[in-house]
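Q: Just one file: work20.cif, with mmCIF, C-alpha atoms (C1' of nucleotides).
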```
data_model
loop_
_atom_site.label_atom_id
_atom_site.label_comp_id
_atom_site.auth_asym_id
_atom_site.auth_seq_id
_atom_site.Cartn_x
_atom_site.Cartn_y
_atom_site.Cartn_z
CA MET A 162 187.08 268.19 138.02
CA THR A 163 184.47 270.13 139.87
CA ASN A 164 185.15 273.76 139.23
CA ASN A 165 187.23 275.31 141.88
CA ASN A 166 186.61 279.04 141.82
CA ARG A 167 182.91 279.01 141.31
CA LYS A 168 180.93 281.53 143.22
CA ARG A 169 177.90 279.30 143.36
CA GLN A 170 178.60 275.96 144.94
CA PRO A 171 175.23 274.31 145.31
CA GLU A 172 176.49 271.10 146.82
CA ILE A 173 178.23 272.94 149.60
CA VAL A 174 175.12 274.98 150.25
CA ARG A 175 173.10 271.81 150.34
CA GLU A 176 175.40 270.28 152.90
CA GLN A 177 175.33 273.47 154.91
CA LEU A 178 171.55 273.39 154.87
CA LEU A 179 171.53 269.83 156.17
CA ALA A 180 174.01 270.75 158.87
CA SER A 181 171.92 273.71 159.92
CA ALA A 182 168.78 271.62 159.96
CA ALA A 183 170.57 269.07 162.10
CA SER A 184 171.73 271.64 164.60
CA VAL A 185 168.29 273.20 164.88
CA ALA A 186 166.59 269.84 165.31
CA ALA A 187 169.13 268.75 167.88
CA GLU A 188 168.82 271.93 169.90
CA ARG A 189 165.12 272.53 169.80
CA GLY A 190 163.54 269.45 168.32
CA LEU A 191 162.02 268.69 164.97
CA GLY A 192 158.90 270.63 165.83
CA ALA A 193 160.91 273.81 166.09
CA LEU A 194 162.63 273.24 162.77
CA THR A 195 161.38 276.13 160.68
CA LEU A 196 162.44 276.98 157.17
CA ASP A 197 163.35 280.50 158.12
CA LEU A 198 165.60 279.43 160.95
CA VAL A 199 167.38 276.75 158.97
CA ALA A 200 167.91 279.10 156.07
CA GLN A 201 169.21 281.83 158.32
CA ARG A 202 171.70 279.52 160.04
CA ALA A 203 172.93 278.30 156.69
CA GLY A 204 173.42 281.89 155.54
CA VAL A 205 170.88 281.45 152.79
CA SER A 206 167.49 282.92 152.11
CA LYS A 207 164.37 280.85 152.50
CA GLY A 208 163.97 280.88 148.74
CA GLY A 209 167.44 279.39 148.47
CA LEU A 210 166.52 276.65 150.90
CA ILE A 211 163.35 275.88 148.99
CA HIS A 212 165.41 275.62 145.86
CA HIS A 213 167.35 272.70 147.32
CA PHE A 214 164.53 271.13 149.32
CA PRO A 215 161.20 271.92 147.70
CA SER A 216 159.26 271.48 150.91
CA ARG A 217 159.75 271.19 154.61
CA ARG A 218 158.96 267.52 154.35
CA ALA A 219 161.69 267.05 151.79
CA LEU A 220 164.16 268.74 154.10
CA VAL A 221 163.23 266.55 157.05
CA GLU A 222 163.40 263.46 154.92
CA GLY A 223 166.78 264.50 153.55
CA LEU A 224 168.08 265.00 157.05
CA PHE A 225 166.71 261.63 158.14
CA ASN A 226 168.44 259.83 155.29
CA HIS A 227 171.63 261.69 156.07
CA LEU A 228 171.56 260.58 159.70
CA LEU A 229 170.75 257.05 158.73
CA ALA A 230 173.79 257.01 156.47
CA LEU A 231 175.98 258.30 159.29
CA PHE A 232 174.72 255.70 161.71
CA GLU A 233 175.13 252.98 159.12
CA SER A 234 178.73 253.94 158.47
CA SER A 235 179.39 253.97 162.20
CA VAL A 236 177.97 250.47 162.51
CA ALA A 237 179.95 249.34 159.48
CA ASN A 238 183.10 250.76 161.02
CA TYR A 239 182.63 248.83 164.25
CA ILE A 240 181.96 245.68 162.27
CA SER A 241 185.09 246.06 160.20
CA GLN A 242 187.17 246.25 163.35
CA ASP A 243 185.58 243.14 164.77
CA SER A 244 187.07 239.84 163.78
CA ASN A 245 184.55 237.70 165.61
CA PRO A 246 181.45 237.22 163.46
CA ARG A 247 179.42 236.01 166.41
CA GLY A 248 176.77 238.64 167.19
CA ARG A 249 178.91 241.18 165.44
CA PHE A 250 176.05 243.22 164.08
CA SER A 251 174.24 243.60 167.37
CA ARG A 252 177.54 244.43 169.05
CA ALA A 253 178.30 247.12 166.51
CA TYR A 254 174.75 248.43 166.78
CA LEU A 255 175.19 248.68 170.51
CA MET A 256 178.52 250.46 170.26
CA ALA A 257 177.26 252.91 167.67
CA SER A 258 174.29 253.69 169.88
CA ALA A 259 176.12 253.95 173.15
CA PHE A 260 179.09 255.92 171.84
CA PRO A 261 177.81 258.24 169.15
CA VAL A 262 180.33 259.87 166.88
CA GLY A 263 180.46 263.62 166.54
CA ASP A 264 178.94 266.07 168.95
CA PRO A 265 176.87 264.79 171.85
CA ASP A 266 173.82 266.49 170.37
CA GLU A 267 173.67 263.74 167.81
CA SER A 268 171.80 261.44 170.13
CA LYS A 269 169.25 264.18 170.57
CA LEU A 270 168.85 264.19 166.83
CA HIS A 271 168.26 260.48 166.78
CA GLY A 272 165.68 260.95 169.47
CA ALA A 273 163.94 263.70 167.58
CA PHE A 274 163.61 261.45 164.58
CA ALA A 275 162.48 258.46 166.54
CA LEU A 276 159.74 260.70 167.84
CA ALA A 277 158.88 261.81 164.33
CA MET A 278 158.66 258.22 163.14
CA SER A 279 155.83 257.49 165.51
CA ASN A 280 153.67 260.04 163.76
CA ASP A 281 155.11 260.08 160.28
CA GLU A 282 154.39 256.89 158.48
CA HIS A 283 156.75 257.77 155.69
CA LEU A 284 159.74 258.17 157.96
CA ALA A 285 158.80 254.98 159.74
CA ALA A 286 158.76 253.20 156.40
CA ILE A 287 162.24 254.46 155.58
CA TRP A 288 163.43 253.20 158.94
CA ARG A 289 161.81 249.80 158.46
CA GLU A 290 163.47 249.44 155.10
CA TRP A 291 166.81 250.37 156.58
CA VAL A 292 166.44 247.82 159.36
CA ALA A 293 165.43 245.14 156.87
CA ALA A 294 168.41 245.97 154.68
CA GLN A 295 170.75 245.78 157.65
CA MET A 296 169.36 242.46 158.73
CA GLY A 297 169.83 241.19 155.22
CA LYS A 298 173.40 242.37 155.06
CA HIS A 299 174.39 241.04 158.47
CA SER A 300 172.50 237.83 158.63
CA GLU A 301 174.65 236.56 161.48
CA ASP A 302 172.24 237.47 164.25
CA VAL A 303 168.95 237.42 162.39
CA GLY A 304 166.27 235.80 164.50
CA SER A 305 168.43 235.73 167.58
CA ALA A 306 166.52 236.64 170.72
CA ILE A 307 169.69 237.78 172.42
CA GLY A 308 170.62 239.96 169.49
CA LEU A 309 167.23 241.59 169.52
CA MET A 310 167.46 242.04 173.25
CA VAL A 311 170.80 243.79 172.95
CA ARG A 312 169.50 246.08 170.24
CA TYR A 313 166.48 246.90 172.37
CA ALA A 314 168.80 247.88 175.17
CA ALA A 315 170.92 249.91 172.75
CA ASP A 316 167.83 251.87 171.78
CA GLY A 317 167.07 252.44 175.44
CA ILE A 318 170.60 253.67 176.01
CA TRP A 319 170.53 256.41 173.47
CA LEU A 320 167.03 257.22 174.50
CA GLU A 321 168.41 257.93 177.93
CA ALA A 322 171.18 259.98 176.40
CA CYS A 323 168.73 261.97 174.36
CA ALA A 324 166.48 262.62 177.34
CA GLY A 325 169.49 263.74 179.33
CA THR A 326 168.59 261.53 182.25
CA GLY A 327 170.76 259.15 184.18
CA ALA A 328 173.90 261.25 184.10
CA ASP A 329 174.57 260.10 187.63
CA CYS A 330 174.89 256.32 187.63
CA ALA A 331 177.59 256.28 184.94
CA LYS A 332 179.33 253.41 186.63
CA THR A 333 176.30 251.16 186.60
CA ARG A 334 175.67 252.19 183.03
CA ALA A 335 179.17 251.21 181.93
CA SER A 336 178.76 247.93 183.73
CA ALA A 337 175.44 247.30 181.97
CA ILE A 338 177.04 247.97 178.60
CA ASP A 339 179.81 245.53 179.44
CA ARG A 340 177.31 242.84 180.20
CA LEU A 341 175.47 243.54 176.98
CA ILE A 342 178.66 243.17 175.00
CA GLU A 343 179.35 239.91 176.79
CA LEU A 344 175.91 238.72 175.83
CA THR A 345 176.53 239.28 172.14
CA TYR A 346 179.33 236.72 172.22
CA SER A 347 176.85 234.04 173.24
CA ILE A 348 174.65 234.49 170.20
CA MET B 565 127.18 263.52 198.70
CA THR B 566 128.42 265.20 195.61
CA ASN B 567 125.48 266.66 193.84
CA ASN B 568 124.06 264.36 191.28
CA ASN B 569 122.11 266.49 188.86
CA ARG B 570 124.55 269.31 188.46
CA LYS B 571 124.79 270.87 185.09
CA ARG B 572 128.43 271.94 185.40
CA GLN B 573 130.84 269.18 186.31
CA PRO B 574 134.27 270.71 185.99
CA GLU B 575 136.18 267.63 187.07
CA ILE B 576 134.60 265.57 184.37
CA VAL B 577 135.38 268.23 181.80
CA ARG B 578 138.94 268.31 183.01
CA GLU B 579 139.27 264.59 182.60
CA GLN B 580 137.69 264.79 179.20
CA LEU B 581 140.19 267.45 178.21
CA LEU B 582 143.07 265.24 179.29
CA ALA B 583 141.59 262.31 177.41
CA SER B 584 141.19 264.40 174.28
CA ALA B 585 144.72 265.71 174.58
CA ALA B 586 145.94 262.15 174.96
CA SER B 587 144.11 260.96 171.88
CA VAL B 588 145.35 263.86 169.78
CA ALA B 589 148.94 263.40 170.93
CA ALA B 590 148.78 259.66 170.33
CA GLU B 591 147.34 260.02 166.87
CA ARG B 592 149.29 262.94 165.53
CA GLY B 593 152.06 263.60 167.99
CA LEU B 594 152.67 266.27 170.56
CA GLY B 595 153.60 268.77 167.92
CA ALA B 596 150.13 268.58 166.43
CA LEU B 597 148.45 269.08 169.77
CA THR B 598 146.65 272.37 169.31
CA LEU B 599 144.37 274.01 171.80
CA ASP B 600 141.59 274.32 169.26
CA LEU B 601 141.66 270.65 168.38
CA VAL B 602 141.77 269.42 171.95
CA ALA B 603 138.94 271.72 172.94
CA GLN B 604 136.86 270.64 169.98
CA ARG B 605 137.32 266.95 170.75
CA ALA B 606 136.39 267.50 174.34
CA GLY B 607 133.25 269.31 173.28
CA VAL B 608 134.42 272.50 174.93
CA SER B 609 135.41 275.90 173.63
CA LYS B 610 139.00 276.99 173.63
CA GLY B 611 138.20 279.45 176.37
CA GLY B 612 136.87 276.58 178.43
CA LEU B 613 140.08 274.65 177.90
CA ILE B 614 142.17 277.64 178.90
CA HIS B 615 140.11 277.92 182.02
CA HIS B 616 141.25 274.49 183.16
CA PHE B 617 144.78 274.65 181.78
CA PRO B 618 145.97 278.24 181.62
CA SER B 619 148.44 277.58 178.84
CA ARG B 620 149.40 275.00 176.33
CA ARG B 621 152.42 274.17 178.40
CA ALA B 622 150.22 273.54 181.41
CA LEU B 623 148.08 271.17 179.37
CA VAL B 624 151.06 269.19 178.14
CA GLU B 625 152.48 269.02 181.61
CA GLY B 626 149.16 267.91 183.02
CA LEU B 627 148.98 265.16 180.45
CA PHE B 628 152.53 264.11 181.22
CA ASN B 629 151.83 263.81 184.92
CA HIS B 630 148.68 261.89 184.17
CA LEU B 631 150.54 259.36 182.06
CA LEU B 632 153.26 259.05 184.63
CA ALA B 633 150.66 258.23 187.25
CA LEU B 634 149.15 255.58 184.98
CA PHE B 635 152.52 254.00 184.32
CA GLU B 636 153.38 254.08 187.99
CA SER B 637 150.18 252.33 188.96
CA SER B 638 150.82 249.72 186.29
CA VAL B 639 154.28 249.10 187.70
CA ALA B 640 152.90 249.01 191.23
CA ASN B 641 150.31 246.49 190.14
CA TYR B 642 152.91 244.14 188.68
CA ILE B 643 154.99 244.48 191.82
CA SER B 644 152.07 243.64 194.08
CA GLN B 645 151.50 240.41 192.16
CA ASP B 646 155.13 239.45 192.43
CA SER B 647 156.19 237.63 195.57
CA ASN B 648 159.86 237.44 194.69
CA PRO B 649 161.59 240.67 195.70
CA ARG B 650 164.61 239.89 193.56
CA GLY B 651 164.72 242.37 190.69
CA ARG B 652 161.04 242.92 191.16
CA PHE B 653 161.07 246.56 190.19
CA SER B 654 162.95 246.07 186.95
CA ARG B 655 160.71 243.12 186.14
CA ALA B 656 157.59 245.16 186.72
CA TYR B 657 159.06 248.03 184.72
CA LEU B 658 159.67 245.66 181.86
CA MET B 659 156.19 244.21 181.98
CA ALA B 660 154.53 247.60 182.17
CA SER B 661 156.57 248.71 179.18
CA ALA B 662 156.13 245.64 177.05
CA PHE B 663 152.43 245.13 177.76
CA PRO B 664 150.85 248.54 178.08
CA VAL B 665 147.40 248.75 179.57
CA GLY B 666 144.58 250.35 177.66
CA ASP B 667 144.56 251.02 173.95
CA PRO B 668 147.67 250.30 171.90
CA ASP B 669 148.02 253.98 171.16
CA GLU B 670 149.22 254.44 174.68
CA SER B 671 152.72 253.36 173.81
CA LYS B 672 152.73 256.02 171.13
CA LEU B 673 151.90 258.52 173.81
CA HIS B 674 154.74 257.34 175.99
CA GLY B 675 157.04 257.60 173.03
CA ALA B 676 155.90 261.08 172.20
CA PHE B 677 156.59 262.22 175.71
CA ALA B 678 159.81 260.39 176.20
CA LEU B 679 161.24 262.07 173.18
CA ALA B 680 159.67 265.40 173.95
CA MET B 681 161.76 265.32 177.09
CA SER B 682 164.87 265.75 175.01
CA ASN B 683 163.79 269.25 174.11
CA ASP B 684 161.80 270.23 177.14
CA GLU B 685 164.00 270.54 180.15
CA HIS B 686 161.01 270.90 182.42
CA LEU B 687 159.46 267.60 181.36
CA ALA B 688 162.84 265.95 181.67
CA ALA B 689 163.10 267.25 185.22
CA ILE B 690 159.71 265.80 186.11
CA TRP B 691 160.81 262.45 184.71
CA ARG B 692 164.10 262.49 186.58
CA GLU B 693 162.27 263.16 189.80
CA TRP B 694 159.90 260.32 189.10
CA VAL B 695 162.73 257.91 188.41
CA ALA B 696 164.53 258.99 191.55
CA ALA B 697 161.36 258.53 193.59
CA GLN B 698 160.83 255.06 192.13
CA MET B 699 164.38 254.04 192.84
CA GLY B 700 163.95 255.23 196.38
CA LYS B 701 160.74 253.30 196.82
CA HIS B 702 162.02 250.08 195.29
CA SER B 703 165.57 249.98 196.46
CA GLU B 704 165.89 246.27 195.65
CA ASP B 705 167.64 246.76 192.31
CA VAL B 706 169.27 250.12 192.83
CA GLY B 707 172.74 250.11 191.37
CA SER B 708 172.29 246.77 189.70
CA ALA B 709 173.81 246.65 186.24
CA ILE B 710 171.43 243.90 185.19
CA GLY B 711 168.45 245.87 186.41
CA LEU B 712 169.54 248.91 184.46
CA MET B 713 170.16 246.75 181.42
CA VAL B 714 166.67 245.31 181.59
CA ARG B 715 165.13 248.73 181.94
CA TYR B 716 167.15 249.95 178.98
CA ALA B 717 165.75 247.10 176.94
CA ALA B 718 162.25 247.84 178.21
CA ASP B 719 162.61 251.38 176.92
CA GLY B 720 163.76 250.03 173.59
CA ILE B 721 160.77 247.72 173.45
CA TRP B 722 158.14 250.37 173.75
CA LEU B 723 160.14 252.58 171.50
CA GLU B 724 159.75 249.91 168.86
CA ALA B 725 156.07 249.71 169.63
CA CYS B 726 155.67 253.44 169.32
CA ALA B 727 157.52 253.59 166.02
CA GLY B 728 155.36 250.76 164.73
CA THR B 729 158.36 248.78 163.55
CA GLY B 730 159.16 245.16 164.10
CA ALA B 731 155.63 243.87 163.84
CA ASP B 732 157.01 240.86 162.03
CA CYS B 733 159.45 239.11 164.33
CA ALA B 734 156.94 238.75 167.17
CA LYS B 735 158.30 235.36 168.04
CA THR B 736 161.85 236.56 168.51
CA ARG B 737 160.50 239.49 170.44
CA ALA B 738 158.60 237.28 172.86
CA SER B 739 161.68 235.17 173.29
CA ALA B 740 163.78 238.24 174.03
CA ILE B 741 161.30 239.35 176.67
CA ASP B 742 161.44 235.91 178.26
CA ARG B 743 165.18 236.13 178.52
CA LEU B 744 164.97 239.59 180.02
CA ILE B 745 162.58 238.34 182.67
CA GLU B 746 164.92 235.49 183.42
CA LEU B 747 167.73 237.95 183.84
CA THR B 748 165.85 239.89 186.49
CA TYR B 749 165.87 236.84 188.74
CA SER B 750 169.65 236.88 188.82
CA ILE B 751 169.89 240.39 190.20
"C1'" DA C 1161 113.87 280.21 202.74
"C1'" DT C 1162 115.48 284.12 199.99
"C1'" DG C 1163 117.57 287.55 197.71
"C1'" DA C 1164 122.12 289.77 197.09
"C1'" DT C 1165 126.92 288.97 196.03
"C1'" DA C 1166 130.77 286.79 194.68
"C1'" DA C 1167 133.14 283.14 192.46
"C1'" DT C 1168 133.37 279.63 189.09
"C1'" DA C 1169 132.83 277.65 184.57
"C1'" DC C 1170 132.37 278.37 180.51
"C1'" DC C 1171 131.78 280.63 175.20
"C1'" DA C 1172 132.46 283.45 170.85
"C1'" DA C 1173 135.17 286.68 168.74
"C1'" DC C 1174 139.28 288.50 168.10
"C1'" DC C 1175 144.46 289.69 167.94
"C1'" DA C 1176 149.23 289.46 167.05
"C1'" DG C 1177 152.55 286.67 165.54
"C1'" DT C 1178 154.39 282.55 162.98
"C1'" DC C 1179 155.02 279.32 159.35
"C1'" DG C 1180 155.04 276.87 154.93
"C1'" DG C 1181 154.97 278.04 150.52
"C1'" DT C 1182 154.52 281.19 146.20
"C1'" DT C 1183 155.80 284.76 143.24
"C1'" DT C 1184 158.80 287.81 141.19
"C1'" DG C 1185 163.28 289.34 140.23
"C1'" DT C 1186 168.25 288.89 139.07
"C1'" DA C 1187 173.06 287.71 138.68
"C1'" DA C 1188 176.10 284.17 137.26
"C1'" DA C 1189 177.29 279.92 134.49
"C1'" DG C 1190 177.11 277.33 130.32
"C1'" DC D 1451 169.88 282.91 125.53
"C1'" DT D 1452 168.65 279.46 128.51
"C1'" DT D 1453 169.26 277.34 132.86
"C1'" DT D 1454 170.77 277.35 137.49
"C1'" DA D 1455 171.01 279.35 141.96
"C1'" DC D 1456 169.73 282.08 144.64
"C1'" DA D 1457 167.22 286.74 147.18
"C1'" DA D 1458 163.29 289.57 148.72
"C1'" DA D 1459 158.76 290.44 149.31
"C1'" DC D 1460 154.53 288.68 150.04
"C1'" DC D 1461 150.19 285.64 151.15
"C1'" DG D 1462 146.93 282.67 153.33
"C1'" DA D 1463 146.37 279.53 156.93
"C1'" DC D 1464 146.96 278.58 161.48
"C1'" DT D 1465 148.08 279.07 166.54
"C1'" DG D 1466 148.53 280.44 171.31
"C1'" DG D 1467 146.57 283.47 174.03
"C1'" DT D 1468 143.35 287.58 175.38
"C1'" DT D 1469 139.07 289.86 176.15
"C1'" DG D 1470 134.58 290.69 177.31
"C1'" DG D 1471 130.62 288.64 178.25
"C1'" DT D 1472 127.08 285.05 180.10
"C1'" DA D 1473 125.23 281.29 182.63
"C1'" DT D 1474 125.69 278.50 186.62
"C1'" DT D 1475 126.92 277.54 191.42
"C1'" DA D 1476 128.40 278.71 196.19
"C1'" DT D 1477 128.26 281.88 200.14
"C1'" DC D 1478 125.90 284.31 203.36
"C1'" DA D 1479 123.30 287.93 205.59
"C1'" DT D 1480 118.63 288.56 206.35
#
```
Taking this structure as input, can you express it in the form of structure tokens?

A:
Amino acid sequence: MTNNNRKRQPEIVREQLLASAASVAAERGLGALTLDLVAQRAGVSKGGLIHHFPSRRALVEGLFNHLLALFESSVANYISQDSNPRGRFSRAYLMASAFPVGDPDESKLHGAFALAMSNDEHLAAIWREWVAAQMGKHSEDVGSAIGLMVRYAADGIWLEACAGTGADCAKTRASAIDRLIELTYSI
Amino acid sequence: MTNNNRKRQPEIVREQLLASAASVAAERGLGALTLDLVAQRAGVSKGGLIHHFPSRRALVEGLFNHLLALFESSVANYISQDSNPRGRFSRAYLMASAFPVGDPDESKLHGAFALAMSNDEHLAAIWREWVAAQMGKHSEDVGSAIGLMVRYAADGIWLEACAGTGADCAKTRASAIDRLIELTYSI
DNA sequence: ATGATAATACCAACCAGTCGGTTTGTAAAG
DNA sequence: CTTTACAAACCGACTGGTTGGTATTATCAT
């Protein structure tokens, strides 16, 4: 068993650090993610943060992987509840994008990282690998133009959410999502 | 006539500053846009830069407005070449997004700004106003779920371009764009 | 036309603050 | 006693912005 009454619980601190980093990045963007601030929010000194993540880059990368894992499990969850294999992956991708789990700031986080990918080749590589792995796992809609189209739209949807625009036309938005879901059944 | 052999040509310098800012932001992201670097690339001192844009924020905002104007003229151009009013705006929006004018780095720029909006309420406000103005001008596809869907997908497309992913499945991509265009005719 | 005056368009140096990272120290766990 | 898990202080590099000054251009009375 993992010791219960330890005073030092590094794994918990590590998780707390990731959570703090996530909240900072969601609120103020990745650019404003400073070691001092993250450490302070996690109730840890900067030295303590550096102990777990030896550099800022390592912290950002750790957070990125964490988010990717969350998104992946969300997609997997939608898939498991979907008995129709037709376009299932794109459908789940759409749902996971349009209805993010957790706090609404999460889409902001996704946005922050998408931004980072455009200038950080390493993050972009991680993302590419993830996409490739997903396409391998869910080969149902590989190469489908409609599937790709739906996933494009899904990206646009959370982009809108992360930019905070389009809060008005919620009705049209819901209708657009409905149509997208319909489309996935014709893959 | 505007004097020809002037030594000081502030408007040209201003344009050069915007161009430099654009190239820096496209290459390294908005976060790496420093006054020193922009000034250096424009062949101007930092003081000179500050003279034209009194703060970093003003520079970023100026660049944002500049890009918005470029995108708007691109959209307008597609619209003017399109005789079918049905879904014309969404179609033009899609084309302008999927086939950016100028250097390929421009989509990176759009990406940088789109995602910067998530953390800069002021930029987001400018964007919202622009969208509202566009929707007012091209009322053809206001409130259309299909139009919104297409524009979502358009956003996703340049997001992909800006992240540098998906260079492989160009064929599927082209096919997806074709289908999106088709969709706009059914608005 | 011309010289004085004001306004504009810059530049070089500097300042105060911030940030990533290092170093040193220390208490707890094994 | 060694290793782990932190804390506290510190450092060098960098950044946005200021200041004080200079060269150029525009205005205008003479």

Q: Taking into account all atoms listed in the file, which residue in the set D:DT1465, D:DT1452, D:DA1476, D:DA1458 is nearest to chain B?

A: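 Under the stated criterion, the closest residue is D:DT1465.
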
Q: Give as a PyMOL selection string the residues that the PyMOL selection byres ((chain C) within 9 of (chain A)) matches when applied to the coordinates above.

A: chain C and resi 1179-1181+1188-1189

Q: Kindly extract all protein, DNA and RNA residues lying within 10 Å of the coordinates (153.6, 256.5, 182.7) given in the file, considering all atoms listed in the file, and supply them as a list in words.

A: Phe628, Asn629, His630, Leu631, Leu632, Ala633, Leu634, Phe635, Glu636, Ser637, Ser638, Val639, Ala660, Ser661, Pro664, Glu670, Ser671, Leu673, His674, Phe677, Ala678, Trp691 and Trp694 of chain B

Q: Name the residues that the PyMOL selection byres ((chain D) within 9 of (chain B)) pulls out of this structure, and write them as an MDAnalysis selection string.

A: chainID D and resid 1465:1467 1474:1475

Q: Convert the output of the PyMOL selection byres ((chain B) within 7 of (chain A)) on the shown file into explicit residues, formatted as a VMD selection string.

A: chain B and resid 592 to 593 595 672 675 to 676 679 681 to 683 688 692 707 to 710 712 to 713 716 to 717 719 to 721 726 to 729 736 to 737 739 to 740

Q: In Å, rounded to a single decimal, give me how far CA of Leu194 (chain A) is from CA of Ile690 (chain B).

A: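 Straight-line distance from CA of Ile690 (chain B) to CA of Leu194 (chain A) works out to 24.7 Å.
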
Q: Could you state the separation of C1' of DT1472 (chain D) and C1' of DT1162 (chain C) in Å, given to one decimal place?

A: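 Spanning C1' of DT1472 (chain D) to C1' of DT1162 (chain C) is a straight-line distance of 23.0 Å.
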
Q: Between CA of Leu582 (chain B) and CA of Leu627 (chain B), what is the distance in Å, rounded to a tenth?

A: 6.0 Å

Q: Extract, using all atoms listed in the file, all DNA, RNA and protein residues at most 10 Å from DC1460 (chain D), discarding same-chain residues fewer than 6 positions from it, and format them as a PyMOL selection string.

A: chain C and resi 1182-1184

Q: Keeping only C-alpha atoms (C1' of nucleotides), write those residues as an mmCIF file, keeping the file's coordinate frame.

A:
```cif
data_model
loop_
_atom_site.group_PDB
_atom_site.id
_atom_site.type_symbol
_atom_site.label_atom_id
_atom_site.label_comp_id
_atom_site.auth_asym_id
_atom_site.auth_seq_id
_atom_site.Cartn_x
_atom_site.Cartn_y
_atom_site.Cartn_z
ATOM 1 C "C1'" DT C 1182 154.520 281.190 146.200
ATOM 2 C "C1'" DT C 1183 155.800 284.760 143.240
ATOM 3 C "C1'" DT C 1184 158.800 287.810 141.190
#
```

Q: Could you work out an axis-aligned box for region 591-599 of chain B, taking every atom the file lists and adding 4 Å on each side, and report centre and edge lengths in Å to one decimal, as lines of an AutoDock Vina configuration file?

A:
```
center_x = 149.0
center_y = 267.0
center_z = 168.7
size_x = 17.2
size_y = 22.0
size_z = 14.3
```
